[in-house]
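Asker: PDB, C-alpha atoms and all ligand atoms, file upload-v7.pdb:
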```
ATOM      1  CA  MET S   1      98.389  96.836  75.046
ATOM      2  CA  VAL S   2     101.589  97.715  76.896
ATOM      3  CA  GLU S   3     103.697  99.231  74.119
ATOM      4  CA  ASN S   4     103.758 102.992  73.752
ATOM      5  CA  ARG S   5     101.671 103.647  76.844
ATOM      6  CA  VAL S   6     102.630 107.068  78.161
ATOM      7  CA  VAL S   7     104.015 107.095  81.715
ATOM      8  CA  LEU S   8     104.906 110.155  83.797
ATOM      9  CA  ILE S   9     107.188 109.566  86.791
ATOM     10  CA  THR S  10     107.986 112.426  89.170
ATOM     11  CA  GLY S  11     111.530 112.600  90.557
ATOM     12  CA  THR S  12     113.544 110.698  87.939
ATOM     13  CA  SER S  13     116.905 112.357  88.645
ATOM     14  CA  SER S  14     117.874 109.549  91.046
ATOM     15  CA  GLY S  15     116.759 106.518  93.047
ATOM     16  CA  PHE S  16     113.459 104.750  92.351
ATOM     17  CA  GLY S  17     112.407 107.261  89.729
ATOM     18  CA  ARG S  18     115.526 106.809  87.649
ATOM     19  CA  GLU S  19     115.469 102.978  87.921
ATOM     20  CA  THR S  20     111.782 102.856  87.010
ATOM     21  CA  ALA S  21     112.221 105.188  84.033
ATOM     22  CA  ARG S  22     115.140 103.062  82.797
ATOM     23  CA  LEU S  23     113.212  99.794  83.133
ATOM     24  CA  LEU S  24     110.012 101.067  81.506
ATOM     25  CA  LEU S  25     111.958 102.620  78.610
ATOM     26  CA  GLY S  26     113.559  99.238  77.969
ATOM     27  CA  ARG S  27     110.095  97.676  77.858
ATOM     28  CA  SER S  28     108.679  99.965  75.175
ATOM     29  CA  PHE S  29     106.802 102.498  77.279
ATOM     30  CA  LYS S  30     106.967 106.181  76.379
ATOM     31  CA  VAL S  31     108.448 107.669  79.527
ATOM     32  CA  TYR S  32     108.408 111.231  80.844
ATOM     33  CA  GLY S  33     110.304 112.190  83.981
ATOM     34  CA  THR S  34     110.684 115.237  86.161
ATOM     35  CA  SER S  35     113.315 117.058  88.164
ATOM     36  CA  ARG S  36     113.248 120.504  89.717
ATOM     37  CA  ASN S  37     116.424 121.253  87.792
ATOM     38  CA  PRO S  38     116.932 118.768  84.942
ATOM     39  CA  SER S  39     119.961 120.546  83.470
ATOM     40  CA  ALA S  40     121.883 120.249  86.760
ATOM     41  CA  LYS S  41     121.779 116.431  86.872
ATOM     42  CA  PRO S  42     122.628 113.701  84.354
ATOM     43  CA  GLN S  43     119.351 112.301  82.989
ATOM     44  CA  GLU S  44     118.405 108.949  81.518
ATOM     45  CA  SER S  45     118.607 109.280  77.727
ATOM     46  CA  GLY S  46     115.275 108.598  76.023
ATOM     47  CA  VAL S  47     113.241 109.969  78.931
ATOM     48  CA  GLY S  48     111.313 113.149  78.093
ATOM     49  CA  MET S  49     112.443 115.420  80.910
ATOM     50  CA  ILE S  50     110.149 118.082  82.341
ATOM     51  CA  ALA S  51     111.281 120.743  84.832
ATOM     52  CA  LEU S  52     108.721 120.392  87.599
ATOM     53  CA  ASP S  53     108.469 121.150  91.295
ATOM     54  CA  VAL S  54     105.636 119.201  92.930
ATOM     55  CA  ASP S  55     105.405 121.941  95.609
ATOM     56  CA  SER S  56     104.153 124.496  93.072
ATOM     57  CA  ASP S  57     100.669 124.646  91.495
ATOM     58  CA  ASP S  58     101.958 126.576  88.467
ATOM     59  CA  SER S  59     104.926 124.299  87.901
ATOM     60  CA  VAL S  60     102.711 121.181  88.032
ATOM     61  CA  GLN S  61     100.050 122.691  85.720
ATOM     62  CA  ASN S  62     102.664 123.858  83.186
ATOM     63  CA  GLY S  63     104.620 120.580  83.298
ATOM     64  CA  VAL S  64     101.525 118.427  82.746
ATOM     65  CA  LYS S  65     100.326 120.747  79.943
ATOM     66  CA  ASP S  66     103.709 120.464  78.170
ATOM     67  CA  LEU S  67     103.537 116.676  78.386
ATOM     68  CA  LEU S  68      99.976 116.513  77.071
ATOM     69  CA  ASP S  69     100.766 118.949  74.233
ATOM     70  CA  GLU S  70     103.589 116.658  73.158
ATOM     71  CA  ALA S  71     102.262 113.155  73.904
ATOM     72  CA  GLY S  72      98.541 113.798  73.463
ATOM     73  CA  ARG S  73      97.587 111.419  76.288
ATOM     74  CA  LEU S  74      98.726 110.089  79.671
ATOM     75  CA  ASP S  75      98.201 106.495  80.745
ATOM     76  CA  VAL S  76     100.139 106.232  84.016
ATOM     77  CA  LEU S  77     101.264 108.706  86.680
ATOM     78  CA  VAL S  78     103.840 107.490  89.217
ATOM     79  CA  ASN S  79     103.940 109.924  92.137
ATOM     80  CA  ASN S  80     107.478 109.250  93.303
ATOM     81  CA  ALA S  81     109.156 112.615  94.116
ATOM     82  CA  GLY S  82     109.806 113.098  97.800
ATOM     83  CA  TYR S  83     112.286 113.659 100.598
ATOM     84  CA  VAL S  84     112.681 112.765 104.272
ATOM     85  CA  LEU S  85     112.614 115.210 107.165
ATOM     86  CA  THR S  86     114.039 113.969 110.454
ATOM     87  CA  GLY S  87     113.743 115.500 113.894
ATOM     88  CA  GLY S  88     111.750 114.877 117.032
ATOM     89  CA  ALA S  89     108.025 115.502 117.086
ATOM     90  CA  GLU S  90     108.524 118.243 119.690
ATOM     91  CA  GLU S  91     111.668 119.621 118.048
ATOM     92  CA  THR S  92     110.350 120.066 114.503
ATOM     93  CA  ALA S  93     108.980 123.497 113.616
ATOM     94  CA  ILE S  94     105.467 123.644 112.181
ATOM     95  CA  GLU S  95     106.897 125.261 109.015
ATOM     96  CA  GLU S  96     109.293 122.316 108.537
ATOM     97  CA  ALA S  97     106.440 119.848 109.070
ATOM     98  CA  LYS S  98     104.258 121.732 106.564
ATOM     99  CA  ALA S  99     107.071 121.673 103.987
ATOM    100  CA  GLN S 100     107.303 117.893 104.394
ATOM    101  CA  PHE S 101     103.562 117.574 103.707
ATOM    102  CA  GLU S 102     103.822 120.028 100.805
ATOM    103  CA  THR S 103     106.148 117.684  98.915
ATOM    104  CA  ASP S 104     105.252 114.184 100.128
ATOM    105  CA  PHE S 105     101.480 114.567 100.474
ATOM    106  CA  PHE S 106     100.258 117.657  98.585
ATOM    107  CA  GLY S 107     102.812 116.990  95.792
ATOM    108  CA  PRO S 108     101.084 113.731  94.738
ATOM    109  CA  VAL S 109      97.670 115.361  95.346
ATOM    110  CA  ARG S 110      98.593 118.274  93.063
ATOM    111  CA  MET S 111      99.879 115.917  90.367
ATOM    112  CA  ALA S 112      96.771 113.719  90.529
ATOM    113  CA  LYS S 113      94.452 116.733  90.292
ATOM    114  CA  ALA S 114      96.388 117.931  87.224
ATOM    115  CA  VAL S 115      96.130 114.618  85.330
ATOM    116  CA  LEU S 116      92.686 113.365  86.376
ATOM    117  CA  PRO S 117      90.674 115.531  83.925
ATOM    118  CA  THR S 118      92.634 113.949  81.048
ATOM    119  CA  MET S 119      92.303 110.420  82.443
ATOM    120  CA  ARG S 120      88.548 110.882  83.002
ATOM    121  CA  LYS S 121      88.165 112.104  79.424
ATOM    122  CA  GLN S 122      90.170 109.103  78.172
ATOM    123  CA  GLY S 123      88.044 106.757  80.296
ATOM    124  CA  SER S 124      91.270 105.104  81.457
ATOM    125  CA  GLY S 125      94.391 105.792  83.485
ATOM    126  CA  GLN S 126      96.440 104.674  86.441
ATOM    127  CA  ILE S 127      97.991 106.453  89.410
ATOM    128  CA  ILE S 128     100.666 104.814  91.531
ATOM    129  CA  ASN S 129     101.614 106.648  94.723
ATOM    130  CA  ILE S 130     104.903 105.901  96.469
ATOM    131  CA  SER S 131     104.173 105.888 100.186
ATOM    132  CA  SER S 132     106.456 104.104 102.675
ATOM    133  CA  MET S 133     106.597 101.284 105.185
ATOM    134  CA  ALA S 134     106.922 104.213 107.642
ATOM    135  CA  ALA S 135     103.189 104.799 107.038
ATOM    136  CA  ILE S 136     102.567 101.388 108.655
ATOM    137  CA  LEU S 137     105.400 101.325 111.201
ATOM    138  CA  PRO S 138     106.431 104.948 111.874
ATOM    139  CA  VAL S 139     110.111 105.588 112.491
ATOM    140  CA  PRO S 140     110.910 107.566 115.664
ATOM    141  CA  PHE S 141     112.365 111.023 114.851
ATOM    142  CA  GLU S 142     110.823 110.737 111.365
ATOM    143  CA  GLY S 143     107.247 111.284 112.512
ATOM    144  CA  TYR S 144     106.242 113.991 110.023
ATOM    145  CA  TYR S 145     107.516 111.923 107.085
ATOM    146  CA  ALA S 146     105.535 108.933 108.405
ATOM    147  CA  ALA S 147     102.453 111.134 108.849
ATOM    148  CA  ALA S 148     102.707 112.520 105.290
ATOM    149  CA  LYS S 149     103.106 108.994 103.862
ATOM    150  CA  ALA S 150     100.211 107.689 105.994
ATOM    151  CA  ALA S 151      98.057 110.572 104.745
ATOM    152  CA  LEU S 152      98.993 109.613 101.177
ATOM    153  CA  LEU S 153      97.957 106.017 101.831
ATOM    154  CA  ALA S 154      94.553 106.976 103.286
ATOM    155  CA  TRP S 155      93.879 109.540 100.545
ATOM    156  CA  SER S 156      94.806 107.014  97.832
ATOM    157  CA  GLU S 157      92.253 104.535  99.151
ATOM    158  CA  ALA S 158      89.492 107.164  99.015
ATOM    159  CA  LEU S 159      90.605 108.277  95.530
ATOM    160  CA  ARG S 160      90.619 104.661  94.312
ATOM    161  CA  HIS S 161      86.925 104.341  95.155
ATOM    162  CA  GLU S 162      86.031 107.689  93.599
ATOM    163  CA  VAL S 163      87.696 107.191  90.204
ATOM    164  CA  LYS S 164      87.089 103.468  89.602
ATOM    165  CA  ARG S 165      83.938 104.186  87.562
ATOM    166  CA  PHE S 166      86.001 106.289  85.136
ATOM    167  CA  GLY S 167      88.344 103.362  84.413
ATOM    168  CA  ILE S 168      91.130 104.851  86.552
ATOM    169  CA  LYS S 169      93.144 102.544  88.843
ATOM    170  CA  VAL S 170      94.928 103.714  91.986
ATOM    171  CA  SER S 171      97.623 101.793  93.886
ATOM    172  CA  VAL S 172     100.107 102.576  96.629
ATOM    173  CA  ILE S 173     103.594 101.148  97.130
ATOM    174  CA  GLU S 174     105.018 100.927 100.660
ATOM    175  CA  PRO S 175     108.779 100.424 100.297
ATOM    176  CA  GLY S 176     111.013  99.442 103.193
ATOM    177  CA  PHE S 177     114.657 100.588 103.085
ATOM    178  CA  PHE S 178     116.317 100.913  99.675
ATOM    179  CA  LYS S 179     119.724 102.158  98.617
ATOM    180  CA  THR S 180     118.893 105.497  96.935
ATOM    181  CA  ASN S 181     119.838 109.107  97.506
ATOM    182  CA  LEU S 182     117.046 109.601 100.071
ATOM    183  CA  GLY S 183     119.303 109.280 103.141
ATOM    184  CA  ASN S 184     121.830 111.742 101.679
ATOM    185  CA  THR S 185     119.269 114.444 100.918
ATOM    186  CA  ARG S 186     117.405 114.130 104.195
ATOM    187  CA  LYS S 187     116.482 117.420 105.809
ATOM    188  CA  ILE S 188     117.076 117.794 109.521
ATOM    189  CA  ALA S 189     114.899 119.872 111.825
ATOM    190  CA  ARG S 190     116.880 122.995 112.725
ATOM    191  CA  TYR S 191     115.846 123.264 116.365
ATOM    192  CA  THR S 192     116.943 120.579 118.815
ATOM    193  CA  ILE S 193     116.122 119.936 122.466
ATOM    194  CA  ARG S 194     119.034 118.575 124.442
ATOM    195  CA  ASP S 195     116.900 116.046 126.333
ATOM    196  CA  TYR S 196     116.395 114.165 123.037
ATOM    197  CA  ASP S 197     120.045 114.284 121.872
ATOM    198  CA  GLU S 198     121.087 110.789 122.936
ATOM    199  CA  LEU S 199     117.924 109.064 121.685
ATOM    200  CA  ARG S 200     117.877 111.008 118.411
ATOM    201  CA  GLU S 201     121.529 110.278 117.703
ATOM    202  CA  ARG S 202     121.078 106.550 118.311
ATOM    203  CA  ALA S 203     117.947 106.363 116.164
ATOM    204  CA  MET S 204     119.484 108.422 113.351
ATOM    205  CA  SER S 205     122.656 106.357 113.267
ATOM    206  CA  THR S 206     120.439 103.252 112.871
ATOM    207  CA  LEU S 207     118.521 105.048 110.111
ATOM    208  CA  ASP S 208     121.772 105.809 108.246
ATOM    209  CA  ASP S 209     122.769 102.121 108.522
ATOM    210  CA  ASP S 210     119.337 101.047 107.249
ATOM    211  CA  PHE S 211     119.634 103.258 104.156
ATOM    212  CA  ARG S 212     123.243 102.079 103.568
ATOM    213  CA  ASN S 213     122.168  98.429 103.786
ATOM    214  CA  GLY S 214     118.933  99.001 101.870
ATOM    215  CA  ALA S 215     117.682  96.835  99.022
ATOM    216  CA  ASP S 216     118.321  97.376  95.309
ATOM    217  CA  PRO S 217     115.926  99.998  93.840
ATOM    218  CA  LYS S 218     115.561  97.757  90.751
ATOM    219  CA  ILE S 219     113.105  95.748  92.891
ATOM    220  CA  MET S 220     110.908  98.846  93.107
ATOM    221  CA  ALA S 221     111.103  99.396  89.359
ATOM    222  CA  GLU S 222     109.989  95.795  88.767
ATOM    223  CA  THR S 223     107.105  96.344  91.214
ATOM    224  CA  VAL S 224     105.911  99.404  89.284
ATOM    225  CA  PHE S 225     106.112  97.382  86.057
ATOM    226  CA  ARG S 226     104.111  94.545  87.661
ATOM    227  CA  ILE S 227     101.406  96.980  88.808
ATOM    228  CA  ILE S 228     101.204  98.713  85.423
ATOM    229  CA  THR S 229     100.859  95.422  83.595
ATOM    230  CA  SER S 230      98.468  93.841  86.093
ATOM    231  CA  LYS S 231      94.855  93.445  84.982
ATOM    232  CA  ASN S 232      93.493  94.145  88.452
ATOM    233  CA  PRO S 233      96.097  96.021  90.484
ATOM    234  CA  LYS S 234      95.660  95.881  94.262
ATOM    235  CA  LEU S 235      95.466  98.951  96.473
ATOM    236  CA  GLU S 236      98.637  98.232  98.455
ATOM    237  CA  TYR S 237     102.025  96.710  97.633
ATOM    238  CA  ALA S 238     104.543  96.394 100.481
ATOM    239  CA  VAL S 239     108.054  95.972  99.024
ATOM    240  CA  GLY S 240     111.474  95.158 100.477
ATOM    241  CA  SER S 241     112.644  92.989 103.337
ATOM    242  CA  GLU S 242     110.685  95.028 105.929
ATOM    243  CA  ARG S 243     107.377  94.067 104.298
ATOM    244  CA  ARG S 244     107.064  91.134 106.705
ATOM    245  CA  TYR S 245     106.549  93.587 109.583
ATOM    246  CA  LYS S 246     103.305  94.725 107.985
ATOM    247  CA  THR S 247     101.927  91.190 108.271
ATOM    248  CA  LEU S 248     103.394  90.728 111.750
ATOM    249  CA  LYS S 249     101.796  93.978 112.940
ATOM    250  CA  HIS S 250      98.384  92.433 112.314
ATOM    251  CA  LEU S 251      99.278  89.038 113.797
ATOM    252  CA  MET S 252     101.320  89.816 116.905
ATOM    253  CA  PRO S 253     100.401  91.540 120.183
ATOM    254  CA  GLN S 254     100.965  95.314 120.087
ATOM    255  CA  SER S 255     103.452  95.095 122.955
ATOM    256  CA  THR S 256     105.652  92.646 121.012
ATOM    257  CA  ILE S 257     105.725  94.938 117.974
ATOM    258  CA  GLU S 258     106.391  97.996 120.147
ATOM    259  CA  ASN S 259     109.291  96.290 121.940
ATOM    260  CA  GLY S 260     110.741  95.227 118.585
ATOM    261  CA  VAL S 261     110.530  98.799 117.268
ATOM    262  CA  ARG S 262     112.201 100.214 120.409
ATOM    263  CA  ARG S 263     114.968  97.596 120.166
ATOM    264  CA  HIS S 264     115.599  98.286 116.471
ATOM    265  CA  TRP S 265     115.903 102.058 116.970
ATOM    266  CA  LYS S 266     117.931 101.586 120.201
ATOM    267  CA  LEU S 267     115.509 103.714 122.191
ATOM    268  CA  ASP S 268     116.150 101.971 125.517
ATOM    269  CA  GLY S 269     119.920 102.128 125.646
TER
HETATM  270  N1  LIG S 301     114.727 104.872  99.509
HETATM  271  C1  LIG S 301     113.931 104.394 100.424
HETATM  272  O1  LIG S 301     114.368 103.627 101.298
HETATM  273  C2  LIG S 301     112.472 104.763 100.441
HETATM  274  C3  LIG S 301     111.632 104.082 101.317
HETATM  275  C4  LIG S 301     110.273 104.400 101.345
HETATM  276  C5  LIG S 301     109.769 105.369 100.491
HETATM  277  N2  LIG S 301     110.614 106.036  99.655
HETATM  278  C6  LIG S 301     110.016 107.061  98.779
HETATM  279  O2  LIG S 301     110.397 106.838  97.439
HETATM  280  C7  LIG S 301     110.331 108.059  96.707
HETATM  281  C8  LIG S 301     111.603 108.215  95.875
HETATM  282  O3  LIG S 301     112.697 108.387  96.741
HETATM  283  P1  LIG S 301     114.154 107.781  96.480
HETATM  284  O4  LIG S 301     114.418 106.860  97.585
HETATM  285  O5  LIG S 301     114.302 107.333  95.086
HETATM  286  O6  LIG S 301     115.009 109.100  96.793
HETATM  287  P2  LIG S 301     115.980 110.003  95.900
HETATM  288  O7  LIG S 301     116.998 109.154  95.253
HETATM  289  O8  LIG S 301     116.423 111.079  96.829
HETATM  290  O9  LIG S 301     115.012 110.638  94.775
HETATM  291  C9  LIG S 301     114.051 111.599  95.102
HETATM  292  C10 LIG S 301     113.555 112.263  93.823
HETATM  293  O10 LIG S 301     112.515 113.181  94.193
HETATM  294  C11 LIG S 301     112.736 114.419  93.516
HETATM  295  N3  LIG S 301     112.167 115.528  94.310
HETATM  296  C12 LIG S 301     112.371 115.821  95.599
HETATM  297  N4  LIG S 301     111.645 116.905  95.954
HETATM  298  C13 LIG S 301     110.968 117.283  94.845
HETATM  299  C14 LIG S 301     110.046 118.331  94.563
HETATM  300  N5  LIG S 301     109.656 119.250  95.487
HETATM  301  N6  LIG S 301     109.508 118.426  93.309
HETATM  302  C15 LIG S 301     109.886 117.535  92.363
HETATM  303  N7  LIG S 301     110.773 116.541  92.562
HETATM  304  C16 LIG S 301     111.303 116.417  93.797
HETATM  305  C17 LIG S 301     114.223 114.514  93.308
HETATM  306  O11 LIG S 301     114.431 115.252  92.112
HETATM  307  P3  LIG S 301     115.179 116.676  91.996
HETATM  308  O12 LIG S 301     115.993 116.872  93.248
HETATM  309  O13 LIG S 301     116.028 116.510  90.774
HETATM  310  O14 LIG S 301     114.085 117.652  91.833
HETATM  311  C18 LIG S 301     114.627 113.054  93.102
HETATM  312  O15 LIG S 301     114.595 112.717  91.724
HETATM  313  C19 LIG S 301     110.125 109.163  97.743
HETATM  314  O16 LIG S 301     108.768 109.541  97.752
HETATM  315  C20 LIG S 301     110.494 108.480  99.052
HETATM  316  O17 LIG S 301     109.841 109.044 100.165
HETATM  317  C21 LIG S 301     111.931 105.754  99.596
END
```
When written as structure tokens, how does the structure in this file appear?
Ligand SMILES: NC(=O)c1ccc[n+]([C@@H]2O[C@H](COP(=O)([O-])OP(=O)(O)OC[C@H]3O[C@@H](n4cnc5c(N)ncnc54)[C@H](OP(=O)(O)O)[C@@H]3O)[C@@H](O)[C@H]2O)c1

Answerer:
Amino acid sequence: MVENRVVLITGTSSGFGRETARLLLGRSFKVYGTSRNPSAKPQESGVGMIALDVDSDDSVQNGVKDLLDEAGRLDVLVNNAGYVLTGGAEETAIEEAKAQFETDFFGPVRMAKAVLPTMRKQGSGQIINISSMAAILPVPFEGYYAAAKAALLAWSEALRHEVKRFGIKVSVIEPGFFKTNLGNTRKIARYTIRDYDELRERAMSTLDDDFRNGADPKIMAETVFRIITSKNPKLEYAVGSERRYKTLKHLMPQSTIENGVRRHWKLDG
């Protein structure tokens, strides 16, 4: 039964989250969304908005409690909230790297831990974690984002095995580049090392172009819908035009892939 299933999507104030909330609302799901500051941004009407910061234990616990008090159950959690930190591996401060993990890895972990007791009690539930193609093919000068998304992918696979017996399904989406607000809100490591300036600037200008030319986030929303309505959802779903590189990475010699990556990010001049 699809109708009236309760879905919670983190980060619905823009991008994938907003598109997914809109699509699921139109297909008879009961949708809850989150933003750190819902009153500051226009929200999708019909979505039950919860003020929630995935970085905070208290905020996550309170937000999930409010939802459960109102809806009485939760069928699907989409762990979507996130941001991108850019900066060289050597340039980025440990605190900046930890903050990236706090949102993009521990955020989904915190959310899952908050909803799993309810899903176990229900004997059913589904968690969809939004990772990234960067988890498969890391982007230079975006290494901590790639590491957080790769951690999310590995953790999701372990979680999937652990909760299957309780009727809970876990999947991961690995999007390529999509036209959302992600490029505009990207955080940049404060400290720079001059030796990396030229390389970083070339790679980051390519990154900006990739976001600008990214795919329509509606494709992501349709993917979430497909996973939610699938009888046996897979672990991984690569989405967007870059998904072919995931297949190629397994088929082609490492040196060919590495040269392609260096060419794309203009690392060799
Ligand atoms: N766009 C792409 O090309 C792409 C590719 C691969 C993966 N992804 C992933 O897709 C997900 C969605 O990103 P998007 O592209 O749709 O970007 P977006 O348009 O910038 O949306 C990000 C959402 O995350 C929320 N958010 C950020 N930090 C948060 C926090 N600490 N607590 C709660 N909410 C937070 C924001 O809400 P508030 O600011 O209102 O709190 C916003 O609604 C992210 O996990 C991103 O890494 C995107």

Asker: For the file shown, what are the residues hit by the PyMOL selection byres (((chain S and resi 224-226) around 10) and not hetatm), laid out as a compact mmCIF listing (two decimals) with C-alpha atoms, in the coordinates of the input?

Answerer:
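Printed below is selection_36.txt as written:
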```txt
# COMPACT_ATOMS: atom_id res chain seq x y z
CA PHE S 16 113.46 104.75 92.35
CA THR S 20 111.78 102.86 87.01
CA LEU S 23 113.21 99.79 83.13
CA LEU S 24 110.01 101.07 81.51
CA ARG S 27 110.10 97.68 77.86
CA VAL S 78 103.84 107.49 89.22
CA ILE S 128 100.67 104.81 91.53
CA ILE S 130 104.90 105.90 96.47
CA SER S 171 97.62 101.79 93.89
CA VAL S 172 100.11 102.58 96.63
CA ILE S 173 103.59 101.15 97.13
CA LYS S 218 115.56 97.76 90.75
CA ILE S 219 113.10 95.75 92.89
CA MET S 220 110.91 98.85 93.11
CA ALA S 221 111.10 99.40 89.36
CA GLU S 222 109.99 95.80 88.77
CA THR S 223 107.10 96.34 91.21
CA ILE S 227 101.41 96.98 88.81
CA ILE S 228 101.20 98.71 85.42
CA THR S 229 100.86 95.42 83.60
CA SER S 230 98.47 93.84 86.09
CA LYS S 231 94.86 93.44 84.98
CA PRO S 233 96.10 96.02 90.48
CA TYR S 237 102.02 96.71 97.63
```

Asker: Would you translate the PyMOL selection byres (((not hetatm)) within 7 of (chain S and resi 301)) into the concrete set of residues it matches in this file, as an MDAnalysis selection string?

Answerer: chainID S and resid 10:17 34:38 41 52:55 80:84 103:104 130:133 174:182 185 211 214

Asker: Running the PyMOL selection byres (((chain S and resi 202-205) around 12) and not hetatm) on this model by hand, what would come out? Give it as a PyMOL selection string.

Answerer: chain S and resi 85-88+139-142+183+186+188+196-201+206-212+261-269

Asker: If we draw a sphere of 6 Å around (97.9, 117.9, 85.7), which residues have at least one atom in it when counting all atoms listed in the file? Please report them as a PyMOL selection string.

Answerer: chain S and resi 61+64+111+113-115

Asker: Here is a test: counting only C-alpha atoms, which residue of S:Ile136, S:Glu157, S:Lys164, S:Tyr191 is nearest to Thr247 in chain S?

Answerer: S:Ile136

Asker: Between S:Thr118, S:Ser255, S:Ser28, S:Gln43, which has the minimum distance to Asp69 in chain S (counting all atoms listed in the file)?

Answerer: S:Thr118

Asker: Out of S:Tyr245, S:Phe166, S:Phe29, S:Trp155, which residue has the shortest atom-to-atom distance to Leu116 in chain S when counting only C-alpha atoms?

Answerer: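 Going through S:Tyr245, S:Phe166, S:Phe29, S:Trp155 one by one, the smallest distance to Leu116 in chain S is for S:Phe166.
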
Asker: Nearest to Lys98 in chain S: which of S:Ala148, S:His250, S:Glu236, S:Val170 is it, counting only C-alpha atoms?

Answerer: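 Closest candidate: S:Ala148.
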
Asker: Set up a box along x, y and z of the file covering all listed atoms of range 226-230 of chain S, add 6 Å on every one of the six sides, and write the centre and edge lengths in Å to one decimal, as lines of an AutoDock Vina configuration file.

Answerer:
```
center_x = 101.3
center_y = 96.3
center_z = 86.2
size_x = 17.6
size_y = 16.9
size_z = 17.2
```

Asker: So which one's closest to Val60 in chain S, S:Gln126, S:Ser241, S:Met119, S:Arg110? Using all atoms listed in the file, please.

Answerer: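 The shortest atom-to-atom distance to Val60 in chain S comes from S:Arg110.
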
Asker: Select, from S:Leu8, S:Ala134, S:Ala97, S:Ile168, the residue with the minimum atom-to-atom distance to Leu68 in chain S, counting all atoms listed in the file.

Answerer: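 Ranking S:Leu8, S:Ala134, S:Ala97, S:Ile168 by distance to Leu68 in chain S, first place goes to S:Leu8.
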
Asker: Please measure the separation of CA of Gly125 in chain S and CA of Asp75 in chain S, giving the value in Å to one decimal.

Answerer: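 Separation between CA of Gly125 in chain S and CA of Asp75 in chain S: 4.7 Å.
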